[in-house]
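Raw contents of work-v7.csv, CSV, C-alpha atoms:
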chain,number,residue,atom,x,y,z
A,1,MET,CA,0.0,0.0,0.0
A,2,SER,CA,1.1,3.6,-0.7
A,3,GLN,CA,0.1,7.1,0.0
A,4,LEU,CA,-0.1,9.4,-3.0
A,5,HIS,CA,0.2,13.2,-2.7
A,6,LEU,CA,-0.4,15.7,-5.5
A,7,ASN,CA,0.8,19.2,-4.7
A,8,LYS,CA,-0.3,22.1,-6.9
A,9,LEU,CA,-0.2,19.8,-9.9
A,10,GLY,CA,-1.0,21.6,-13.2
A,11,LYS,CA,-0.9,21.0,-16.9
A,12,SER,CA,-1.2,23.4,-19.9
A,13,PHE,CA,-1.3,22.6,-23.6
A,14,ASP,CA,-0.4,25.4,-25.9
A,15,GLY,CA,-1.6,28.0,-23.4
A,16,HIS,CA,-4.8,26.1,-22.6
A,17,ILE,CA,-5.0,25.1,-18.9
A,18,ALA,CA,-6.1,21.4,-18.8
A,19,VAL,CA,-5.5,20.9,-15.1
A,20,GLN,CA,-5.4,23.8,-12.7
A,21,LYS,CA,-3.0,23.6,-9.7
A,22,THR,CA,-4.5,20.6,-7.9
A,23,THR,CA,-3.7,19.4,-4.4
A,24,LEU,CA,-4.9,16.0,-3.3
A,25,THR,CA,-3.8,13.4,-0.9
A,26,ILE,CA,-4.8,9.7,-1.3
A,27,PRO,CA,-4.0,7.6,1.8
A,28,ASP,CA,-2.9,4.0,1.8
A,29,GLY,CA,-5.5,1.6,0.5
A,30,GLU,CA,-8.0,4.2,-0.5
A,31,PHE,CA,-10.2,4.0,-3.6
A,32,VAL,CA,-10.5,7.5,-5.1
A,33,THR,CA,-12.4,8.3,-8.2
A,34,LEU,CA,-11.8,11.4,-10.4
A,35,LEU,CA,-15.3,12.1,-11.8
A,36,GLY,CA,-16.3,14.7,-14.3
A,37,PRO,CA,-17.5,15.4,-17.9
A,38,SER,CA,-15.3,14.9,-20.9
A,39,GLY,CA,-12.5,17.4,-21.1
A,40,CYS,CA,-12.5,18.2,-17.4
A,41,GLY,CA,-8.9,17.2,-16.8
A,42,LYS,CA,-9.4,13.9,-15.0
A,43,THR,CA,-7.5,11.7,-17.6
A,44,THR,CA,-4.7,14.2,-17.9
A,45,THR,CA,-4.4,14.1,-14.1
A,46,LEU,CA,-4.2,10.3,-14.1
A,47,ARG,CA,-1.6,10.4,-16.9
A,48,MET,CA,0.6,12.8,-14.9
A,49,ILE,CA,0.4,10.4,-12.0
A,50,ALA,CA,1.4,7.5,-14.2
A,51,GLY,CA,4.2,9.4,-15.8
A,52,PHE,CA,2.9,9.4,-19.3
A,53,THR,CA,2.3,13.2,-19.3
A,54,ARG,CA,4.7,15.8,-17.9
A,55,PRO,CA,3.1,18.5,-15.7
A,56,THR,CA,3.9,22.1,-16.1
A,57,SER,CA,3.6,22.9,-12.4
A,58,GLY,CA,3.6,21.1,-9.1
A,59,SER,CA,4.8,17.8,-7.8
A,60,ILE,CA,3.8,14.2,-7.1
A,61,GLN,CA,5.0,12.3,-4.1
A,62,LEU,CA,4.6,8.5,-3.4
A,63,ASP,CA,5.1,7.8,0.3
A,64,GLU,CA,8.5,9.6,1.0
A,65,GLN,CA,9.7,9.6,-2.6
A,66,ILE,CA,9.2,12.6,-5.0
A,67,ILE,CA,8.4,11.0,-8.4
A,68,THR,CA,7.7,14.3,-10.1
A,69,SER,CA,8.7,17.9,-9.3
A,70,VAL,CA,8.7,20.6,-11.9
A,71,ASP,CA,10.7,23.0,-9.6
A,72,GLN,CA,13.3,20.3,-8.8
A,73,GLY,CA,13.5,18.9,-12.3
A,74,ILE,CA,12.5,15.4,-11.1
A,75,PHE,CA,10.5,13.1,-13.5
A,76,LEU,CA,10.6,9.4,-13.0
A,77,PRO,CA,9.5,7.5,-16.1
A,78,PRO,CA,6.5,5.2,-15.9
A,79,GLU,CA,8.5,2.0,-15.6
A,80,ARG,CA,10.2,3.3,-12.4
A,81,ARG,CA,7.0,4.4,-10.6
A,82,ASN,CA,5.8,0.9,-9.7
A,83,MET,CA,2.3,1.7,-10.7
A,84,GLY,CA,-0.2,-0.5,-12.7
A,85,MET,CA,-2.3,1.1,-15.4
A,86,VAL,CA,-5.5,-0.2,-17.0
A,87,PHE,CA,-6.6,1.7,-20.1
A,88,GLN,CA,-10.1,2.2,-21.6
A,89,SER,CA,-9.2,0.2,-24.7
A,90,TYR,CA,-7.7,-2.7,-22.6
A,91,ALA,CA,-4.6,-2.7,-24.8
A,92,VAL,CA,-4.6,-6.5,-24.9
A,93,TRP,CA,-2.2,-7.8,-27.6
A,94,PRO,CA,-4.2,-9.9,-30.1
A,95,HIS,CA,-1.2,-12.0,-31.2
A,96,MET,CA,-0.5,-13.2,-27.6
A,97,ASP,CA,-2.4,-15.6,-25.5
A,98,VAL,CA,-3.6,-14.7,-22.0
A,99,PHE,CA,-0.4,-16.1,-20.4
A,100,ALA,CA,1.9,-14.1,-22.6
A,101,ASN,CA,-0.2,-10.9,-22.3
A,102,VAL,CA,-0.1,-11.1,-18.5
A,103,ALA,CA,3.6,-12.2,-18.3
A,104,TYR,CA,4.9,-9.5,-20.6
A,105,PRO,CA,5.7,-6.9,-17.8
A,106,LEU,CA,8.0,-9.5,-16.2
A,107,LYS,CA,10.1,-9.7,-19.3
A,108,PHE,CA,12.9,-7.6,-17.9
A,109,LYS,CA,12.7,-9.0,-14.3
A,110,ARG,CA,15.2,-11.8,-14.9
A,111,LEU,CA,12.9,-14.4,-13.3
A,112,SER,CA,13.0,-18.1,-14.0
A,113,LYS,CA,10.3,-19.7,-16.1
A,114,SER,CA,8.9,-21.4,-13.0
A,115,GLU,CA,8.8,-18.1,-11.1
A,116,VAL,CA,7.0,-16.4,-14.1
A,117,ALA,CA,4.5,-19.2,-14.4
A,118,GLU,CA,3.8,-19.1,-10.6
A,119,ARG,CA,3.2,-15.4,-10.6
A,120,VAL,CA,1.0,-15.5,-13.7
A,121,GLN,CA,-1.1,-18.3,-12.3
A,122,ASN,CA,-1.5,-16.4,-9.0
A,123,VAL,CA,-2.7,-13.2,-10.6
A,124,LEU,CA,-5.0,-15.1,-13.0
A,125,SER,CA,-6.6,-16.7,-10.0
A,126,LEU,CA,-6.9,-13.3,-8.4
A,127,VAL,CA,-8.9,-12.0,-11.3
A,128,ARG,CA,-10.8,-15.2,-11.8
A,129,LEU,CA,-9.3,-16.3,-15.1
A,130,ASP,CA,-8.2,-19.8,-14.1
A,131,GLY,CA,-7.9,-22.2,-17.0
A,132,LEU,CA,-7.8,-19.5,-19.7
A,133,ALA,CA,-4.1,-19.0,-19.9
A,134,GLU,CA,-3.8,-20.5,-23.4
A,135,ARG,CA,-6.7,-18.6,-25.0
A,136,TYR,CA,-6.3,-15.6,-27.3
A,137,PRO,CA,-8.1,-12.3,-26.9
A,138,HIS,CA,-10.6,-13.1,-29.8
A,139,GLN,CA,-11.7,-16.1,-27.8
A,140,LEU,CA,-12.5,-14.0,-24.7
A,141,SER,CA,-15.5,-11.9,-23.8
A,142,GLY,CA,-15.2,-8.2,-23.2
A,143,GLY,CA,-15.2,-8.8,-19.4
A,144,GLN,CA,-12.5,-11.4,-19.7
A,145,GLN,CA,-10.3,-9.1,-21.8
A,146,GLN,CA,-10.7,-6.5,-19.1
A,147,ARG,CA,-9.6,-9.0,-16.5
A,148,VAL,CA,-6.5,-9.8,-18.6
A,149,ALA,CA,-5.7,-6.1,-18.6
A,150,LEU,CA,-6.2,-6.0,-14.8
A,151,ALA,CA,-4.0,-9.1,-14.3
A,152,ARG,CA,-1.2,-7.5,-16.5
A,153,ALA,CA,-1.4,-4.3,-14.4
A,154,LEU,CA,-1.2,-6.4,-11.1
A,155,ILE,CA,1.5,-8.8,-12.1
A,156,MET,CA,4.3,-6.4,-11.0
A,157,GLU,CA,2.7,-6.0,-7.6
A,158,PRO,CA,2.2,-2.2,-8.0
A,159,ARG,CA,2.0,0.2,-5.2
A,160,VAL,CA,-0.8,2.1,-6.9
A,161,LEU,CA,-3.4,0.9,-9.5
A,162,LEU,CA,-4.6,3.5,-12.0
A,163,LEU,CA,-7.7,2.8,-14.1
A,164,ASP,CA,-8.8,5.1,-17.0
A,165,GLU,CA,-12.5,4.5,-17.8
A,166,PRO,CA,-11.9,0.7,-17.8
A,167,LEU,CA,-15.6,-0.3,-18.1
A,168,SER,CA,-16.8,2.1,-20.8
A,169,ASN,CA,-16.6,-0.5,-23.6
A,170,LEU,CA,-18.7,-3.1,-21.7
A,171,ASP,CA,-22.5,-3.5,-21.9
A,172,ALA,CA,-24.6,-2.4,-18.9
A,173,LYS,CA,-24.9,-5.8,-17.1
A,174,LEU,CA,-21.3,-6.7,-17.5
A,175,ARG,CA,-20.2,-3.2,-16.4
A,176,GLU,CA,-22.2,-3.7,-13.2
A,177,ASN,CA,-20.6,-7.1,-12.5
A,178,MET,CA,-17.1,-5.7,-13.2
A,179,ARG,CA,-17.7,-2.8,-10.8
A,180,PHE,CA,-18.2,-5.3,-8.0
A,181,GLU,CA,-15.3,-7.4,-9.0
A,182,ILE,CA,-12.9,-4.4,-9.1
A,183,VAL,CA,-14.0,-3.3,-5.7
A,184,ASP,CA,-13.7,-6.8,-4.3
A,185,LEU,CA,-10.2,-7.1,-5.8
A,186,GLN,CA,-9.1,-3.8,-4.3
A,187,GLN,CA,-10.3,-4.6,-0.9
A,188,ARG,CA,-8.7,-8.0,-0.9
A,189,MET,CA,-5.3,-6.6,-2.1
A,190,LYS,CA,-5.7,-3.4,0.1
A,191,ILE,CA,-4.2,-1.5,-2.8
A,192,THR,CA,-4.4,2.3,-3.4
A,193,VAL,CA,-6.6,2.9,-6.5
A,194,VAL,CA,-7.1,6.1,-8.6
A,195,TYR,CA,-10.1,5.5,-10.9
A,196,VAL,CA,-11.2,7.8,-13.7
A,197,THR,CA,-14.8,7.9,-15.0
A,198,HIS,CA,-17.6,10.2,-16.2
A,199,ASP,CA,-20.2,7.6,-15.0
A,200,GLN,CA,-21.8,8.8,-11.7
A,201,THR,CA,-23.1,5.4,-10.9
A,202,GLU,CA,-19.6,3.9,-11.1
A,203,ALA,CA,-18.2,6.6,-8.9
A,204,MET,CA,-20.9,6.4,-6.3
A,205,SER,CA,-20.9,2.6,-6.0
A,206,MET,CA,-17.1,2.0,-6.0
A,207,SER,CA,-15.4,4.8,-4.3
A,208,ASP,CA,-14.2,5.6,-0.8
A,209,ARG,CA,-14.0,9.2,-1.9
A,210,ILE,CA,-14.9,11.1,-5.1
A,211,ALA,CA,-13.1,14.1,-6.5
A,212,VAL,CA,-15.6,15.9,-8.8
A,213,MET,CA,-13.7,17.8,-11.5
A,214,ASN,CA,-14.7,20.4,-14.1
A,215,GLU,CA,-12.6,22.8,-16.2
A,216,GLY,CA,-9.4,21.4,-14.8
A,217,LYS,CA,-10.1,21.8,-11.1
A,218,ILE,CA,-11.6,19.8,-8.3
A,219,HIS,CA,-14.9,21.3,-7.1
A,220,GLN,CA,-15.4,18.9,-4.2
A,221,ILE,CA,-13.9,15.8,-2.8
A,222,GLY,CA,-15.5,13.6,-0.2
A,223,PRO,CA,-17.4,10.3,0.4
A,224,PRO,CA,-20.2,9.5,-2.1
A,225,HIS,CA,-23.0,10.3,0.4
A,226,ALA,CA,-21.5,13.7,1.2
A,227,ILE,CA,-21.0,14.6,-2.4
A,228,TYR,CA,-24.7,13.6,-3.1
A,229,ARG,CA,-26.3,15.1,0.0
A,230,GLU,CA,-24.0,18.1,0.6
A,231,PRO,CA,-22.9,19.4,-2.8
A,232,ALA,CA,-20.4,22.2,-2.6
A,233,ASP,CA,-21.8,24.1,-5.5
A,234,LYS,CA,-24.4,24.0,-8.3
A,235,PHE,CA,-22.0,22.1,-10.7
A,236,VAL,CA,-21.6,19.3,-8.2
A,237,ALA,CA,-25.3,19.2,-7.4
A,238,GLY,CA,-26.2,19.1,-11.1
A,239,PHE,CA,-23.6,16.6,-12.2
A,240,ILE,CA,-24.2,14.0,-9.4
A,241,GLY,CA,-27.7,12.6,-9.9
A,242,LEU,CA,-30.8,14.6,-10.7
A,243,ALA,CA,-31.6,17.8,-8.9
A,244,ASN,CA,-34.2,20.6,-8.9
A,245,PHE,CA,-32.8,24.1,-8.7
A,246,LEU,CA,-35.1,26.7,-7.3
A,247,PRO,CA,-34.1,30.4,-7.0
A,248,CYS,CA,-34.9,32.0,-3.7
A,249,THR,CA,-34.0,34.8,-1.3
A,250,VAL,CA,-33.3,34.7,2.4
A,251,VAL,CA,-36.2,35.9,4.6
A,252,LYS,CA,-34.9,35.1,8.0
A,253,ASN,CA,-31.6,33.7,9.3
A,254,GLU,CA,-31.8,32.2,12.8
A,255,LYS,CA,-29.3,30.2,14.8
A,256,ASP,CA,-30.9,26.9,14.0
A,257,TYR,CA,-32.4,27.5,10.6
A,258,THR,CA,-32.7,29.7,7.5
A,259,LEU,CA,-36.1,30.6,6.1
A,260,VAL,CA,-36.1,31.4,2.3
A,261,LYS,CA,-38.8,32.6,-0.1
A,262,LEU,CA,-39.0,30.6,-3.3
A,263,ALA,CA,-39.3,32.4,-6.6
A,264,THR,CA,-42.0,30.0,-7.9
A,265,GLY,CA,-44.7,32.7,-8.3
A,266,ILE,CA,-46.7,31.1,-5.5
A,267,PRO,CA,-47.5,33.7,-2.8
A,268,ASP,CA,-45.7,33.3,0.4
A,269,HIS,CA,-44.0,30.1,-0.8
A,270,THR,CA,-41.3,29.6,1.9
A,271,LEU,CA,-39.0,26.8,2.8
A,272,THR,CA,-37.0,26.1,6.0
A,273,CYS,CA,-33.4,25.1,5.4
A,274,THR,CA,-30.5,24.3,7.7
A,275,ALA,CA,-28.7,27.3,9.3
A,276,SER,CA,-26.6,29.2,6.8
A,277,PRO,CA,-24.3,32.3,6.9
A,278,TYR,CA,-26.2,34.2,4.2
A,279,ALA,CA,-27.7,37.6,5.0
A,280,SER,CA,-31.4,38.5,4.5
A,281,ASP,CA,-32.4,39.2,0.9
A,282,SER,CA,-29.4,37.3,-0.4
A,283,PRO,CA,-30.2,35.7,-3.8
A,284,LEU,CA,-29.6,32.0,-3.5
A,285,THR,CA,-30.6,28.6,-5.0
A,286,VAL,CA,-32.3,25.8,-3.2
A,287,VAL,CA,-31.4,22.3,-4.4
A,288,VAL,CA,-33.9,19.5,-3.9
A,289,ARG,CA,-33.5,15.9,-5.1
A,290,PRO,CA,-36.5,14.4,-7.0
A,291,GLU,CA,-36.8,11.6,-4.3
A,292,ASP,CA,-37.1,14.4,-1.7
A,293,VAL,CA,-40.3,15.8,-3.3
A,294,ILE,CA,-43.3,14.4,-1.5
A,295,VAL,CA,-46.4,14.2,-3.8
A,296,GLY,CA,-49.9,13.5,-2.6
A,297,ALA,CA,-53.5,14.3,-3.2
A,298,ALA,CA,-54.2,18.0,-3.5
A,299,LYS,CA,-55.2,19.8,-0.2
A,300,GLU,CA,-56.2,23.3,0.5
A,301,ASP,CA,-53.7,23.8,3.2
A,302,LYS,CA,-50.7,22.6,1.1
A,303,VAL,CA,-48.8,23.9,-1.9
A,304,SER,CA,-50.2,22.3,-5.0
A,305,GLY,CA,-49.1,21.9,-8.6
A,306,ALA,CA,-50.3,20.2,-11.8
A,307,VAL,CA,-48.8,17.0,-13.2
A,308,LEU,CA,-47.3,17.7,-16.7
A,309,ARG,CA,-45.7,14.3,-17.4
A,310,LYS,CA,-45.7,10.8,-15.9
A,311,THR,CA,-42.9,8.3,-16.5
A,312,TYR,CA,-43.2,4.7,-15.2
A,313,LEU,CA,-39.8,3.4,-14.0
A,314,GLY,CA,-40.8,0.1,-12.5
A,315,ASP,CA,-40.4,0.5,-8.7
A,316,ARG,CA,-41.1,4.3,-8.9
A,317,ILE,CA,-42.8,6.9,-11.1
A,318,ASP,CA,-41.0,10.1,-12.3
A,319,TYR,CA,-43.4,13.1,-12.4
A,320,LEU,CA,-42.8,16.5,-13.9
A,321,ILE,CA,-44.9,18.9,-12.0
A,322,ARG,CA,-45.7,22.6,-12.7
A,323,LEU,CA,-45.4,24.5,-9.5
A,324,GLY,CA,-46.5,28.1,-10.0
A,325,ASN,CA,-44.1,29.3,-12.7
A,326,THR,CA,-41.5,26.5,-12.1
A,327,ASP,CA,-41.3,22.9,-13.3
A,328,ILE,CA,-39.9,20.3,-10.8
A,329,ARG,CA,-39.1,16.6,-11.0
A,330,ALA,CA,-40.4,14.2,-8.4
A,331,GLU,CA,-39.7,10.4,-8.0
A,332,VAL,CA,-42.2,8.6,-5.9
A,333,ASP,CA,-43.3,5.1,-5.1
A,334,ALA,CA,-45.1,3.4,-8.0
A,335,GLU,CA,-48.2,2.8,-5.9
A,336,LEU,CA,-48.9,6.6,-5.9
A,337,ASN,CA,-50.6,7.0,-9.2
A,338,PHE,CA,-51.5,10.4,-10.5
A,339,MET,CA,-52.5,11.4,-14.0
A,340,PRO,CA,-51.3,14.2,-16.3
A,341,ASN,CA,-53.2,17.5,-15.6
A,342,GLU,CA,-54.2,16.3,-12.2
A,343,ASN,CA,-53.6,18.7,-9.3
A,344,VAL,CA,-51.3,17.3,-6.5
A,345,SER,CA,-49.9,18.5,-3.2
A,346,VAL,CA,-46.1,19.1,-3.2
A,347,GLU,CA,-43.8,19.2,-0.2
A,348,LEU,CA,-40.0,19.8,-0.6
A,349,THR,CA,-37.8,18.1,1.9
A,350,ASN,CA,-34.0,17.9,2.6
A,351,PRO,CA,-33.2,21.2,0.8
A,352,VAL,CA,-29.6,22.3,0.3
A,353,LEU,CA,-29.0,26.0,0.1
A,354,LEU,CA,-26.3,27.2,-2.3
A,355,ALA,CA,-24.9,30.6,-3.3

Entire entry expressed as structure tokens:
Amino acid sequence: MSQLHLNKLGKSFDGHIAVQKTTLTIPDGEFVTLLGPSGCGKTTTLRMIAGFTRPTSGSIQLDEQIITSVDQGIFLPPERRNMGMVFQSYAVWPHMDVFANVAYPLKFKRLSKSEVAERVQNVLSLVRLDGLAERYPHQLSGGQQQRVALARALIMEPRVLLLDEPLSNLDAKLRENMRFEIVDLQQRMKITVVYVTHDQTEAMSMSDRIAVMNEGKIHQIGPPHAIYREPADKFVAGFIGLANFLPCTVVKNEKDYTLVKLATGIPDHTLTCTASPYASDSPLTVVVRPEDVIVGAAKEDKVSGAVLRKTYLGDRIDYLIRLGNTDIRAEVDAELNFMPNENVSVELTNPVLLA
């Protein structure tokens, strides 16, 4: 296991800033995901960690060893970093069988044939490829090819495992299975992992912590539940899952709560939020997740809206509801059945207040 530390790490291409000065510490044995849209800088960050891309500022430290430092002129090549890399395309050589693909990194280790065979067999067992050593890539499924790529990355017993969108070429069911397998593998090996994806489900289901990136910088880093329930800004709230954004202004700010007025066009439409530092009349935004919108039969003493759209999702129903001059999404139990144009009561719960 190894601790990885990025200090003010940055990268520019022809004057364009791909990664802003990023500082991040990943403790021993932690699974951290860099999550964000295409072009946000997550893969560039991973490639700088791996040694495939030279940064233009900052440093990278692995335990006590500085492996990259722009100021000190230090740059260890990839083969001296003792890191394993799994690429999006697998990079499995079609002319080699599974054994040769996995054994290739050992080529320059001066090991005996028996030692190589033992290490290959051990790592194939680790990734559940027993009995497939003599098969060629075209004889394997996509998931098995991905396991070959994992085995090849693990054969050198790396201190850090780097994965760049490794599941994006798999179908949905296989992708889900591989998510569980990678997490199980990481926990059994207790290896430090840096994982890159644009898929929120992957990040939420696999990670100890998620670093949400956009335009070259980390907007928020934390455990999945904190990223989802306590987003740092509107970008994070909108990128992680579905969210309703409701403009509002502060009416009252007490020690234990903040009362805001929603700009829905409904008279005196207020909402109580957790205590905040914002002054009265501050223009803010309330974020409410669709599953936190409680929908029921219309009542005189409750805020009501009209159902615009109904989408059946199996165990739940997704409603689009017109609330005054605002449309909101609600996801409720499938047993609650309302029809388009029907008036319903609406209650907003677990609101998050953002500037």

I want to know what sits within 9 Å of stretch 163-178 of chain A, based on all atoms listed in the file, with residues of the same chain fewer than 5 positions away left out; could you give that as a JSON list (two decimals) with C-alpha atoms, in the frame of the given file?
[["chain", "number", "residue", "atom", "x", "y", "z"],
["A", 43, "THR", "CA", -7.50, 11.70, -17.60],
["A", 46, "LEU", "CA", -4.20, 10.30, -14.10],
["A", 47, "ARG", "CA", -1.60, 10.40, -16.90],
["A", 84, "GLY", "CA", -0.20, -0.50, -12.70],
["A", 85, "MET", "CA", -2.30, 1.10, -15.40],
["A", 86, "VAL", "CA", -5.50, -0.20, -17.00],
["A", 87, "PHE", "CA", -6.60, 1.70, -20.10],
["A", 88, "GLN", "CA", -10.10, 2.20, -21.60],
["A", 89, "SER", "CA", -9.20, 0.20, -24.70],
["A", 90, "TYR", "CA", -7.70, -2.70, -22.60],
["A", 142, "GLY", "CA", -15.20, -8.20, -23.20],
["A", 143, "GLY", "CA", -15.20, -8.80, -19.40],
["A", 146, "GLN", "CA", -10.70, -6.50, -19.10],
["A", 147, "ARG", "CA", -9.60, -9.00, -16.50],
["A", 150, "LEU", "CA", -6.20, -6.00, -14.80],
["A", 183, "VAL", "CA", -14.00, -3.30, -5.70],
["A", 193, "VAL", "CA", -6.60, 2.90, -6.50],
["A", 194, "VAL", "CA", -7.10, 6.10, -8.60],
["A", 195, "TYR", "CA", -10.10, 5.50, -10.90],
["A", 196, "VAL", "CA", -11.20, 7.80, -13.70],
["A", 197, "THR", "CA", -14.80, 7.90, -15.00],
["A", 198, "HIS", "CA", -17.60, 10.20, -16.20],
["A", 199, "ASP", "CA", -20.20, 7.60, -15.00],
["A", 202, "GLU", "CA", -19.60, 3.90, -11.10]]

Q: Write out as a list of chain:residue names which residues come within 10 Å of stretch 102-109 of chain A when counting only C-alpha atoms, dropping same-chain ones fewer than 4 positions away.
A: A:Glu79, A:Val92, A:Trp93, A:Met96, A:Asp97, A:Val98, A:Val116, A:Ala117, A:Arg119, A:Val120, A:Gln121, A:Val123, A:Leu124, A:Ala133, A:Arg147, A:Val148, A:Ala149, A:Leu150, A:Ala151, A:Arg152, A:Ala153, A:Leu154, A:Ile155, A:Met156

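Interatomic distance, atom CA of A:Lys42 to atom CA of A:Lys8: 14.7 Å.
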
Q: Choose the residue, out of A:Met206, A:Ile66, A:Gly216, A:Ser2, that has the smallest atom-to-atom separation from A:His16; count only C-alpha atoms.
A: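 So, comparing all the options, the nearest one is A:Gly216.
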
Q.
What does the structure give for the distance between atom CA of A:Ser282 and atom CA of A:Thr249, in Å to one decimal?
A.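 Answer for the atom CA of A:Ser282 to atom CA of A:Thr249 separation: 5.3 Å.
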
Q.
Using only C-alpha atoms and a cutoff of 12 Å, can you tell me which residues are near (-7.8, 8.9, -1.8) in the file's coordinates, and write them out as a ChimeraX atom specification?
A. /A:1-6,23-34,160-162,191-195,207-211,221-223

Q.
Quick check, in Å to one decimal: how far apart do atom CA of A:Val307 and atom CA of A:Leu348 lie?
A.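 For atom CA of A:Val307 relative to atom CA of A:Leu348, the distance reads 15.6 Å.
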
Q.
So, with all atoms listed in the file as the atoms that count, which of A:Val288, A:Ile218, A:Ala334, A:Ala91 lies closest to A:Cys40?
A.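 Smallest distance to A:Cys40 is found for A:Ile218.
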
Q | Pick from A:Ala263, A:Val344, A:Ala18, A:Val286 nearest to A:Gly324, counting only C-alpha atoms | A | A:Ala263

Q. Do you know which residues are at most 6 Å from A:Ala275 counting all atoms listed in the file, after dropping those on the same chain fewer than 3 positions away, and could you put them as number ranges by chain?
A. A: 256-258

Q: Go through A:Glu215, A:Ile49, A:Ile240, A:Glu230 one by one, measure the shortest atom-to-atom distance of each to A:Thr201 using all atoms listed in the file, and give the residue with the smallest value.
A: A:Ile240

Q: Could you tell me which of A:Asn325, A:Ser125, A:Thr272, A:Ser141 comes closest to A:Pro351 if we count all atoms listed in the file?
A: A:Thr272

Report as a tab-separated table (two decimals) with C-alpha atoms, in the coordinates of the input all protein, DNA and RNA residues lying within 8 Å of A:Lys261, evaluated on all atoms listed in the file, omitting residues in the same chain fewer than 3 positions from it.
chain	number	residue	atom	x	y	z
A	248	CYS	CA	-34.90	32.00	-3.70
A	249	THR	CA	-34.00	34.80	-1.30
A	250	VAL	CA	-33.30	34.70	2.40
A	251	VAL	CA	-36.20	35.90	4.60
A	268	ASP	CA	-45.70	33.30	0.40
A	269	HIS	CA	-44.00	30.10	-0.80
A	270	THR	CA	-41.30	29.60	1.90
A	271	LEU	CA	-39.00	26.80	2.80

Q: Kindly indicate which residue among A:Asn7, A:Lys113, A:Gly314, A:Asn337 lies nearest to A:Ile67, using all atoms listed in the file for the distances.
A: A:Asn7

Q: May I have the residues within 8 Å of A:Asp292 as a ChimeraX atom specification, using only C-alpha atoms and disregarding those fewer than 6 positions away in the same chain?
A: /A:330-331,348-350

Create the file for the chosen residues now, containing C-alpha atoms and written as a tab-separated table (two decimals), in the frame of the given file.
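Contents of selection.tsv, as written:
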chain	number	residue	atom	x	y	z
A	330	ALA	CA	-40.40	14.20	-8.40
A	331	GLU	CA	-39.70	10.40	-8.00
A	348	LEU	CA	-40.00	19.80	-0.60
A	349	THR	CA	-37.80	18.10	1.90
A	350	ASN	CA	-34.00	17.90	2.60
